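Student: Pasting protein13.cif here (mmCIF, C-alpha atoms):
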```cif
data_protein
#
loop_
_atom_site.label_atom_id
_atom_site.label_comp_id
_atom_site.auth_asym_id
_atom_site.auth_seq_id
_atom_site.Cartn_x
_atom_site.Cartn_y
_atom_site.Cartn_z
CA MET A 528 2.00 8.57 12.53
CA LEU A 529 -1.39 6.94 12.16
CA ALA A 530 -4.63 7.66 10.32
CA SER A 531 -7.97 7.43 12.06
CA VAL A 532 -11.32 6.86 10.37
CA SER A 533 -12.85 10.27 10.99
CA GLY A 534 -9.76 12.43 10.81
CA LEU A 535 -5.98 12.40 10.68
CA LEU A 536 -4.30 11.39 13.89
CA ALA A 537 -0.64 12.30 14.29
CA LEU A 538 1.13 10.78 17.25
CA ALA A 539 4.27 12.27 18.76
CA VAL A 540 6.42 9.92 20.85
CA THR A 541 7.96 11.22 24.06
CA ALA A 542 9.79 9.56 26.94
CA PRO A 543 8.93 11.44 30.14
CA ARG A 544 10.55 10.86 33.51
CA GLY A 545 7.30 9.79 35.10
CA LEU A 546 4.37 7.85 33.80
CA PRO A 547 1.14 9.76 33.13
CA SER A 548 -1.69 9.29 35.56
CA ALA A 549 -4.88 7.47 34.60
CA GLY A 550 -7.39 9.60 32.74
CA THR A 551 -4.87 11.79 30.93
CA ALA A 552 -5.18 12.45 27.22
CA THR A 553 -2.00 10.51 26.39
CA THR A 554 -1.52 6.77 26.26
CA SER A 555 1.31 4.91 27.96
CA ALA A 556 2.80 1.53 27.19
CA SER A 557 2.51 -0.78 30.15
CA SER A 558 5.48 -3.11 29.98
CA GLY A 559 8.73 -4.07 28.25
CA SER A 560 11.01 -1.64 26.45
CA PHE A 561 8.08 0.74 25.83
CA ALA A 562 7.55 1.48 29.49
CA GLY A 563 7.33 5.23 29.96
CA ILE A 564 6.65 5.98 26.29
CA ARG A 565 3.66 8.26 25.70
CA LEU A 566 1.78 8.99 22.50
CA GLU A 567 0.27 12.44 22.11
CA ASN A 568 -2.11 13.57 19.36
CA VAL A 569 -0.42 16.58 17.73
CA ALA A 570 -2.32 16.61 14.42
CA ALA A 571 -3.99 19.99 14.90
CA ARG A 572 -0.80 21.53 16.23
CA VAL A 573 1.32 20.53 13.20
CA GLY A 574 -1.25 21.38 10.52
CA LEU A 575 -2.78 17.99 9.72
CA ALA A 576 -6.38 19.03 9.14
CA PHE A 577 -8.17 16.19 7.42
CA ARG A 578 -11.55 14.54 7.79
CA GLN A 579 -12.73 11.29 6.25
CA GLY A 580 -15.87 11.88 4.18
CA ALA A 581 -17.43 8.42 4.35
CA PHE A 582 -19.60 9.12 7.41
CA ARG A 583 -19.94 12.90 7.30
CA PHE A 584 -23.74 12.72 7.16
CA GLY A 585 -24.18 9.83 9.57
CA VAL A 586 -23.67 6.08 9.61
CA SER A 587 -23.78 4.57 6.12
CA GLN A 588 -24.77 1.08 5.05
CA ASP A 589 -22.58 1.38 1.95
CA PRO A 590 -19.84 -1.31 2.34
CA THR A 591 -17.41 0.63 0.18
CA ALA A 592 -17.63 3.61 2.52
CA MET A 593 -16.96 1.35 5.50
CA THR A 594 -13.59 0.16 4.18
CA GLY A 595 -12.08 3.38 2.81
CA GLY A 596 -9.14 5.35 4.10
CA GLY A 597 -5.48 4.57 3.38
CA LEU A 598 -2.37 6.63 4.10
CA CYS A 599 1.07 6.79 2.46
CA ALA A 600 4.29 8.25 3.82
CA LEU A 601 6.61 9.58 1.12
CA ASP A 602 9.13 12.31 0.41
CA TYR A 603 7.54 13.57 -2.79
CA ASP A 604 9.74 16.68 -3.13
CA ASN A 605 13.03 15.03 -2.09
CA ASP A 606 13.73 17.55 0.67
CA GLY A 607 14.45 14.86 3.26
CA TRP A 608 11.20 15.37 5.17
CA VAL A 609 8.50 12.69 5.15
CA ASP A 610 5.23 13.96 3.66
CA LEU A 611 1.78 12.36 3.97
CA PHE A 612 -0.84 11.43 1.40
CA VAL A 613 -4.31 10.54 2.76
CA VAL A 614 -6.99 8.72 0.76
CA ASN A 615 -10.57 9.99 1.10
CA SER A 616 -13.89 8.34 0.28
CA TYR A 617 -17.64 8.80 0.47
CA SER A 618 -20.87 6.85 0.45
CA GLU A 619 -22.59 6.60 -2.91
CA ALA A 620 -25.92 7.43 -1.24
CA ASP A 621 -24.46 10.74 -0.05
CA TYR A 622 -23.50 11.93 -3.53
CA PRO A 623 -26.42 14.42 -3.89
CA ARG A 624 -25.76 15.86 -0.44
CA TRP A 625 -22.08 16.38 -1.21
CA GLN A 626 -22.97 18.24 -4.38
CA LYS A 627 -25.17 20.58 -2.38
CA HIS A 628 -22.34 21.18 0.10
CA GLY A 629 -19.70 22.27 -2.37
CA GLY A 630 -18.58 19.03 -3.99
CA LEU A 631 -17.23 15.60 -3.14
CA PRO A 632 -14.59 15.03 -0.44
CA ARG A 633 -11.05 14.82 -1.78
CA SER A 634 -7.85 13.03 -0.92
CA ALA A 635 -5.06 15.20 0.44
CA LEU A 636 -1.28 15.62 0.23
CA PHE A 637 0.44 17.29 3.18
CA ARG A 638 3.93 18.70 2.67
CA ASN A 639 6.24 18.40 5.67
CA THR A 640 8.39 21.46 6.33
CA LYS A 641 10.55 20.87 9.39
CA GLY A 642 7.78 19.10 11.25
CA ARG A 643 4.88 21.29 10.21
CA PHE A 644 2.47 20.25 7.46
CA THR A 645 0.82 22.27 4.69
CA ASN A 646 -2.05 21.01 2.56
CA VAL A 647 -0.75 21.18 -1.03
CA SER A 648 -3.45 18.96 -2.56
CA SER A 649 -4.91 21.46 -5.00
CA ARG A 650 -1.69 22.85 -6.46
CA SER A 651 -0.09 19.38 -6.63
CA HIS A 652 -3.16 17.90 -8.42
CA THR A 653 -3.46 15.09 -5.86
CA ASN A 654 -6.90 16.18 -4.62
CA LEU A 655 -8.71 13.16 -6.05
CA ALA A 656 -12.49 13.04 -5.71
CA VAL A 657 -12.74 9.24 -5.65
CA ARG A 658 -14.21 6.49 -3.52
CA GLY A 659 -10.71 5.74 -2.36
CA GLU A 660 -9.42 2.68 -0.54
CA GLY A 661 -5.65 2.29 -0.20
CA CYS A 662 -2.41 3.63 -1.64
CA VAL A 663 1.23 2.79 -2.18
CA ALA A 664 4.20 5.06 -2.90
CA GLY A 665 7.12 4.12 -5.12
CA ASP A 666 9.42 5.37 -7.85
CA PHE A 667 7.85 3.34 -10.65
CA ASN A 668 9.81 4.86 -13.56
CA GLY A 669 13.21 5.19 -11.88
CA ASP A 670 13.55 8.96 -12.23
CA GLY A 671 14.36 9.51 -8.56
CA ARG A 672 10.92 10.89 -7.72
CA THR A 673 8.27 9.06 -5.71
CA ASP A 674 4.99 8.37 -7.49
CA LEU A 675 1.62 7.35 -6.01
CA PHE A 676 -0.85 4.58 -6.79
CA VAL A 677 -4.36 4.85 -5.32
CA THR A 678 -6.94 2.03 -5.26
CA THR A 679 -10.67 2.74 -5.45
CA ALA A 680 -13.96 0.97 -4.78
CA ASP A 681 -15.24 1.47 -8.32
CA GLY A 682 -12.11 0.14 -10.01
CA ASN A 683 -11.06 3.51 -11.40
CA ASP A 684 -7.62 3.25 -9.83
CA LYS A 685 -5.23 6.19 -10.13
CA LEU A 686 -1.52 6.33 -10.91
CA LEU A 687 -0.04 9.73 -10.09
CA TRP A 688 3.28 10.44 -11.80
CA ASN A 689 5.55 12.79 -9.89
CA ASN A 690 6.59 15.59 -12.27
CA GLY A 691 9.39 16.83 -10.04
CA ASP A 692 8.01 20.36 -9.85
CA GLY A 693 5.59 19.81 -6.97
CA THR A 694 2.81 18.50 -9.22
CA PHE A 695 1.52 15.06 -10.24
CA THR A 696 -0.08 13.83 -13.46
CA GLU A 697 -2.63 11.00 -13.52
CA GLY A 698 -1.84 8.24 -16.02
CA ALA A 699 -3.17 4.85 -14.93
CA ARG A 700 -4.91 3.84 -18.16
CA ALA A 701 -2.09 5.08 -20.36
CA ALA A 702 0.29 2.92 -18.31
CA GLY A 703 -1.82 -0.21 -18.85
CA VAL A 704 -3.59 -0.22 -15.47
CA ARG A 705 -7.10 -0.76 -16.81
CA ILE A 706 -8.77 -3.67 -15.00
CA TYR A 707 -11.87 -2.61 -13.11
CA GLY A 708 -13.07 -3.95 -9.78
CA TRP A 709 -13.23 -3.08 -6.10
CA HIS A 710 -9.55 -2.83 -5.12
CA THR A 711 -8.21 -2.27 -1.63
CA GLY A 712 -4.54 -2.63 -0.70
CA ALA A 713 -1.48 -2.36 -2.94
CA ALA A 714 2.20 -3.24 -2.61
CA VAL A 715 5.36 -2.70 -4.65
CA ALA A 716 8.44 -4.85 -5.26
CA ASP A 717 10.71 -5.99 -8.07
CA VAL A 718 9.26 -9.49 -8.35
CA ASN A 719 11.19 -10.66 -11.43
CA GLY A 720 14.60 -9.16 -10.67
CA ASP A 721 14.79 -6.85 -13.71
CA GLY A 722 15.45 -3.74 -11.63
CA ARG A 723 12.00 -2.25 -12.18
CA PRO A 724 9.36 -2.03 -9.41
CA ASP A 725 6.21 -4.05 -10.06
CA LEU A 726 2.75 -3.54 -8.59
CA PHE A 727 0.38 -5.88 -6.70
CA VAL A 728 -3.26 -4.78 -6.31
CA ALA A 729 -5.62 -6.58 -3.92
CA GLY A 730 -9.12 -7.35 -5.19
CA TYR A 731 -11.95 -7.31 -2.66
CA ALA A 732 -15.65 -7.95 -3.39
CA ASP A 733 -18.28 -7.64 -6.13
CA PRO A 734 -21.66 -6.69 -4.59
CA ASN A 735 -23.29 -7.30 -7.98
CA LEU A 736 -22.48 -11.04 -7.83
CA PRO A 737 -24.17 -12.57 -4.76
CA VAL A 738 -23.26 -16.13 -3.80
CA GLY A 739 -26.39 -18.22 -4.30
CA GLY A 740 -27.73 -19.84 -1.14
CA SER A 741 -25.07 -18.25 1.06
CA SER A 742 -25.92 -17.60 4.70
CA ALA A 743 -22.60 -15.81 5.32
CA GLY A 744 -22.31 -12.14 6.07
CA PHE A 745 -20.57 -9.55 3.92
CA PRO A 746 -18.23 -9.90 2.09
CA ASN A 747 -18.41 -13.69 1.88
CA ASN A 748 -21.98 -13.63 0.60
CA VAL A 749 -20.76 -11.99 -2.63
CA ALA A 750 -18.08 -13.02 -5.10
CA GLY A 751 -14.45 -12.13 -4.52
CA VAL A 752 -12.47 -9.97 -6.93
CA ARG A 753 -9.27 -11.21 -8.55
CA ASP A 754 -5.91 -10.01 -7.24
CA LEU A 755 -3.74 -8.32 -9.86
CA LEU A 756 -0.01 -8.32 -10.53
CA TYR A 757 1.27 -5.64 -12.90
CA LEU A 758 4.77 -6.22 -14.27
CA ASN A 759 6.72 -3.08 -15.06
CA ILE A 760 7.87 -3.46 -18.69
CA GLY A 761 9.80 -0.21 -19.03
CA ARG A 762 9.24 3.42 -19.92
CA ASP A 763 7.37 5.01 -22.78
CA ARG A 764 8.42 8.11 -24.75
CA LYS A 765 7.20 10.34 -21.95
CA GLY A 766 9.39 8.57 -19.41
CA HIS A 767 6.45 6.87 -17.69
CA SER A 768 6.45 3.15 -16.97
CA ARG A 769 4.10 0.75 -18.72
CA PHE A 770 2.62 -2.34 -17.11
CA ARG A 771 1.13 -5.68 -18.13
CA GLU A 772 -1.10 -7.72 -15.86
CA VAL A 773 0.11 -11.31 -15.22
CA GLY A 774 -1.56 -12.33 -11.96
CA ILE A 775 -3.09 -15.60 -13.15
CA GLN A 776 -0.01 -16.59 -15.19
CA ALA A 777 2.18 -15.93 -12.15
CA GLY A 778 0.11 -18.22 -9.92
CA LEU A 779 -2.08 -15.83 -7.93
CA GLU A 780 -5.45 -17.22 -6.76
CA ALA A 781 -5.28 -20.33 -8.91
CA ALA A 782 -8.34 -21.99 -7.36
CA ARG A 783 -10.55 -19.16 -6.11
CA PHE A 784 -10.85 -15.38 -5.91
CA ASP A 785 -10.52 -14.18 -2.32
CA HIS A 786 -11.77 -11.04 -0.58
CA SER A 787 -8.35 -9.44 -0.14
CA LEU A 788 -7.60 -6.38 1.95
CA GLY A 789 -3.89 -5.79 2.42
CA ALA A 790 -0.57 -7.18 1.22
CA VAL A 791 3.14 -6.91 1.90
CA PHE A 792 6.24 -8.00 -0.01
CA SER A 793 9.21 -9.32 1.94
CA ASP A 794 12.04 -11.77 1.29
CA LEU A 795 10.82 -14.30 3.85
CA ASP A 796 13.29 -17.07 3.06
CA GLY A 797 16.34 -14.93 2.31
CA ASP A 798 16.86 -16.07 -1.29
CA GLY A 799 16.84 -12.58 -2.81
CA ARG A 800 13.31 -12.87 -4.21
CA PRO A 801 10.43 -10.84 -2.68
CA ASP A 802 7.68 -13.17 -1.44
CA LEU A 803 4.08 -12.03 -1.00
CA TYR A 804 1.72 -12.22 1.99
CA VAL A 805 -1.94 -11.31 1.39
CA ALA A 806 -4.38 -10.63 4.25
CA ASN A 807 -7.95 -11.62 3.36
CA ASP A 808 -11.36 -10.84 4.82
CA GLY A 809 -13.24 -14.02 5.74
CA ASP A 810 -10.97 -16.19 3.57
CA PRO A 811 -7.70 -17.88 4.60
CA ASN A 812 -4.71 -15.60 4.16
CA ARG A 813 -2.26 -16.29 1.35
CA LEU A 814 1.51 -16.75 1.56
CA TYR A 815 3.17 -16.93 -1.84
CA GLU A 816 6.77 -18.01 -2.30
CA ASN A 817 8.55 -16.38 -5.23
CA VAL A 818 10.45 -19.10 -7.11
CA ALA A 819 12.19 -19.47 -10.46
CA TRP A 820 9.79 -20.81 -13.08
CA PRO A 821 9.81 -24.62 -12.82
CA ALA A 822 11.58 -26.41 -15.70
CA GLY A 823 13.10 -23.21 -17.04
CA LYS A 824 12.30 -20.94 -19.99
CA LYS A 825 10.91 -23.67 -22.26
CA ALA A 826 8.09 -24.32 -19.77
CA ASP A 827 7.41 -20.61 -19.17
CA PRO A 828 4.74 -19.63 -21.75
CA ALA A 829 4.44 -16.01 -20.61
CA GLY A 830 8.19 -15.50 -20.30
CA LEU A 831 7.92 -14.40 -16.67
CA GLY A 832 11.03 -16.09 -15.28
CA PHE A 833 9.35 -16.53 -11.89
CA ARG A 834 6.22 -17.93 -10.29
CA PHE A 835 4.34 -17.48 -7.02
CA GLU A 836 3.61 -20.77 -5.26
CA GLU A 837 1.02 -20.72 -2.48
CA ARG A 838 2.39 -22.08 0.81
CA ALA A 839 -0.08 -20.96 3.48
CA ALA A 840 -2.32 -24.02 3.20
CA ILE A 841 0.66 -26.38 3.33
CA LEU A 842 2.39 -24.63 6.19
CA ARG A 843 -0.84 -23.78 8.04
CA THR A 844 0.31 -20.21 8.47
CA SER A 845 -0.78 -18.71 11.78
CA PRO A 846 0.02 -15.55 13.77
CA ALA A 847 2.54 -17.62 15.71
CA THR A 848 4.29 -18.67 12.49
CA ALA A 849 4.29 -15.12 11.15
CA ALA A 850 5.80 -13.84 14.37
CA ARG A 851 8.91 -15.93 13.80
CA THR A 852 9.84 -13.87 10.74
CA SER A 853 10.77 -10.23 11.27
CA SER A 854 11.52 -7.58 8.68
CA SER A 855 13.85 -4.63 9.01
CA PRO A 856 15.01 -1.87 6.66
CA THR A 857 18.07 -2.69 4.58
CA ARG A 858 21.04 -0.46 3.98
CA GLY A 859 20.06 2.52 1.87
CA GLY A 860 16.35 1.94 2.31
CA ARG A 861 16.02 -0.32 -0.73
CA GLY A 862 13.49 -2.70 0.77
CA THR A 863 13.17 -5.09 3.68
CA ARG A 864 15.46 -7.82 4.88
CA SER A 865 13.92 -10.80 6.62
CA THR A 866 15.19 -12.83 9.51
CA PRO A 867 14.10 -16.09 7.88
CA ASP A 868 12.52 -19.02 9.66
CA SER A 869 13.58 -22.29 8.05
CA ASN A 870 10.12 -23.71 8.77
CA LEU A 871 8.44 -21.29 6.36
CA PHE A 872 9.92 -22.69 3.14
CA PRO A 873 11.73 -25.84 4.37
CA ARG A 874 14.49 -26.64 1.90
CA ASP A 875 18.07 -25.62 1.23
CA ARG A 876 18.63 -21.97 0.42
CA ARG A 877 21.51 -19.73 -0.43
CA SER A 878 22.78 -17.33 2.21
CA PRO A 879 20.30 -14.51 2.92
CA THR A 880 20.42 -11.51 0.59
CA CYS A 881 18.18 -8.52 0.24
CA ALA A 882 15.58 -8.15 -2.48
CA ARG A 883 15.90 -4.71 -4.08
CA HIS A 884 12.40 -3.35 -4.16
CA LEU A 885 12.32 0.27 -5.19
CA ARG A 886 14.31 3.26 -6.28
CA ARG A 887 17.91 3.93 -5.52
CA PRO A 888 18.37 5.89 -2.30
CA SER A 889 19.26 9.51 -2.15
CA ALA A 890 22.33 10.67 -0.30
CA ARG A 891 20.09 12.90 1.80
CA ARG A 892 19.23 11.98 5.32
CA SER A 893 15.55 11.60 6.11
CA ARG A 894 13.79 13.36 8.96
CA ALA A 895 10.27 12.83 10.23
CA GLY A 896 8.69 15.62 12.21
CA ALA A 897 11.25 17.20 14.51
CA HIS A 898 13.37 14.04 14.72
CA ARG A 899 16.50 14.51 12.64
CA GLY A 900 19.43 12.43 11.51
CA SER A 901 17.79 9.07 10.78
CA THR A 902 18.78 7.43 7.51
CA SER A 903 16.23 6.80 4.81
CA THR A 904 14.32 3.53 5.08
CA SER A 905 11.67 1.66 3.10
CA THR A 906 9.01 3.67 4.92
CA GLU A 907 9.46 6.45 2.39
CA ILE A 908 9.09 4.39 -0.72
CA SER A 909 7.21 1.16 -0.06
CA ILE A 910 4.62 1.65 2.67
CA SER A 911 1.11 0.54 1.66
CA CYS A 912 -1.96 1.40 3.78
CA SER A 913 -5.13 -0.40 3.30
CA PRO A 914 -8.37 -0.75 5.10
CA THR A 915 -8.72 -3.44 7.74
CA ALA A 916 -11.62 -5.59 8.72
CA GLU A 917 -11.73 -3.87 12.10
CA SER A 918 -12.35 -0.48 10.46
CA ARG A 919 -15.71 -1.56 9.12
#
```
Go through the file and emit its structure as structure tokens.
Tutor:
Amino acid sequence: MLASVSGLLALAVTAPRGLPSAGTATTSASSGSFAGIRLENVAARVGLAFRQGAFRFGVSQDPTAMTGGGLCALDYDNDGWVDLFVVNSYSEADYPRWQKHGGLPRSALFRNTKGRFTNVSSRSHTNLAVRGEGCVAGDFNGDGRTDLFVTTADGNDKLLWNNGDGTFTEGARAAGVRIYGWHTGAAVADVNGDGRPDLFVAGYADPNLPVGGSSAGFPNNVAGVRDLLYLNIGRDRKGHSRFREVGIQAGLEAARFDHSLGAVFSDLDGDGRPDLYVANDGDPNRLYENVAWPAGKKADPAGLGFRFEERAAILRTSPATAARTSSSPTRGGRGTRSTPDSNLFPRDRRSPTCARHLRRPSARRSRAGAHRGSTSTSTEISISCSPTAESR
């Protein structure tokens, strides 16, 4: 399923005997193994009624409104059906008009019941009235329930703890997630191998800090915002995880702050450590290799046990290079396993193993829509949706 800018677009996949004729409402793949596959918009039919608020009153010149709109797939109630959380946003200039029309637009959680969706945003307390950007779903505190992290344009990011009774409780600041800034994408993985999922948050742009003498367009005519890496340091008395931010100590953006949009963790070289790829807007993308801290514990002042070393500039990462590495779900849906390319990180490695990213899998079998019987994969617990440059 996909999210569109103005509304929620759900696509059902069918394989008809004959190809549709030109001009029909469905889209057909033209070649390869997708020949004959059609995608049909079934959002209204299955109950996915959602509209993005950023352009409700016309085209906006607010950059934060142009980039908003992430989507997360998760099974928040552990019933084996994949639910959807959609991030909403709005233009700051439209704030008075929204107040006159009943209040600000809100993000939405849709519960999946055998392929039909019900908006449970209000009773689940996920109806956030924020200038939202992206989101990521993961079981941060290891209680078997999927939580949500939502990035925002004003830096007031939200961490929604899953209470297990159909409701969520917000607790970002109490968990140590307190750094403000325009944040976009987010990703989750156990970066230091302690069994607890950690959190990466992409920093984007600061419109209040223009670059002097710049003739570039937005966002490169304003300063970038630092990327963040929150290490999960364990649970508090309430059973919620606490985090500490270590991005600079871990090697992120050592020379400059980029305008980052999206990110993904994957074990690209098959050494059991999740590496990090960051997609930037107007800046070169970043490819970080996760390595043991050089020279051991004595040379590790923050006690991290690992470090991210930037490889994109050395390897001249390109779409062609990226295409040589594919990711697939691992057994039990614990993360992604890479088919490594020896040219990415060229030196001797141990045999490929899988990096364990998120919570232990349930014995249930996962079903999406009316398609039953598929085993649970990382889609449920580690998908991150973030705005793209093309959406602006």
Student: Separation of CA of Arg700 (chain A) and CA of Ala581 (chain A), in Å?
Tutor: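 CA of Ala581 (chain A) lies 26.2 Å from CA of Arg700 (chain A).
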Student: Select, counting all atoms listed in the file, all protein, DNA and RNA residues no farther than 9 Å from (-1.6, -16.9, -6.2) in file coordinates, and express the selection as a list in words.
Tutor: Asp754, Gly774, Ile775, Ala777, Gly778, Leu779, Glu780, Ala781, Ala782, Arg813, Leu814, Tyr815, Arg834, Phe835, Glu836 and Glu837 of chain A
Student: From (4.9, -2.3, -12.4), in the file's coordinates, out to 9 Å: which residues are reached, counting all atoms listed in the file? Answer as a count of residues only.
Tutor: 21
Student: Which residues come within 9 Å of Asn812 (chain A), counting all atoms listed in the file, excluding same-chain residues fewer than 3 positions away, as a list in words?
Tutor: Asp785, Ser787, Tyr804, Val805, Ala806, Asn807, Asp808, Gly809, Ala839, Ala840 and Thr844 of chain A
Student: Keeping only C-alpha atoms, write the selected residues to a file as a tab-separated table (two decimals), in the frame of the given file.
Tutor:
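Full text of out.tsv as output:
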```
chain	number	residue	atom	x	y	z
A	785	ASP	CA	-10.52	-14.18	-2.32
A	787	SER	CA	-8.35	-9.44	-0.14
A	804	TYR	CA	1.72	-12.22	1.99
A	805	VAL	CA	-1.94	-11.31	1.39
A	806	ALA	CA	-4.38	-10.63	4.25
A	807	ASN	CA	-7.95	-11.62	3.36
A	808	ASP	CA	-11.36	-10.84	4.82
A	809	GLY	CA	-13.24	-14.02	5.74
A	839	ALA	CA	-0.08	-20.96	3.48
A	840	ALA	CA	-2.32	-24.02	3.20
A	844	THR	CA	0.31	-20.21	8.47
```
Student: Find the nearest atom pair between each residue of region 621-649 of chain A and region 588-606 of chain A for residues within 9 Å, count all atoms listed in the file, give distances in Å to one decimal, sort rows by chain and ascending number, and present the table as a Markdown table.
Tutor:
```
| residue | atom | partner | partner_atom | distance |
| --- | --- | --- | --- | --- |
| A:Arg638 | CA | A:Tyr603 | CA | 8.3 |
| A:Asn639 | CA | A:Asp602 | CA | 8.6 |
| A:Thr640 | CA | A:Asp606 | CA | 8.7 |
```
Student: For the file shown, report as a list of chain:residue names the outcome of the PyMOL selection byres ((chain A and resi 713) around 7) at residue level.
Tutor: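 Written out, the selection comes to A:Gly661, A:Cys662, A:Val663, A:Thr711, A:Gly712, A:Ala714, A:Phe727, A:Val728, A:Ala729, A:Gly789, A:Ala790, A:Ser911.
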Student: Identify, on the basis of only C-alpha atoms, every residue whose closest approach to Asp692 (chain A) does not exceed 10 Å; exclude the query and any residue fewer than 2 positions from it along the same chain; express the result as a VMD selection string.
Tutor: chain A and resid 603 to 604 651 689 to 690 694 to 695
Student: Which neighbours of Ser649 (chain A) fall inside 12 Å, counting only C-alpha atoms, when residues of the same chain fewer than 6 positions from it are skipped, and could you give them as an MDAnalysis selection string?
Tutor: chainID A and resid 633:637 655:656 693:695
Student: May I have the residues within 8 Å of region 620-623 of chain A as a list in words, using only C-alpha atoms and disregarding those fewer than 4 positions away in the same chain?
Tutor: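 Contacts, in chain order: Phe584, Asp589, Lys627 and Leu631 of chain A.
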Student: So which residues touch Pro737 (chain A) within 8 Å, counting only C-alpha atoms, skipping near sequence neighbours fewer than 5 positions away, as a list in words?
Tutor: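 Result of the neighbour search: Asn748, Val749 and Ala750 of chain A.
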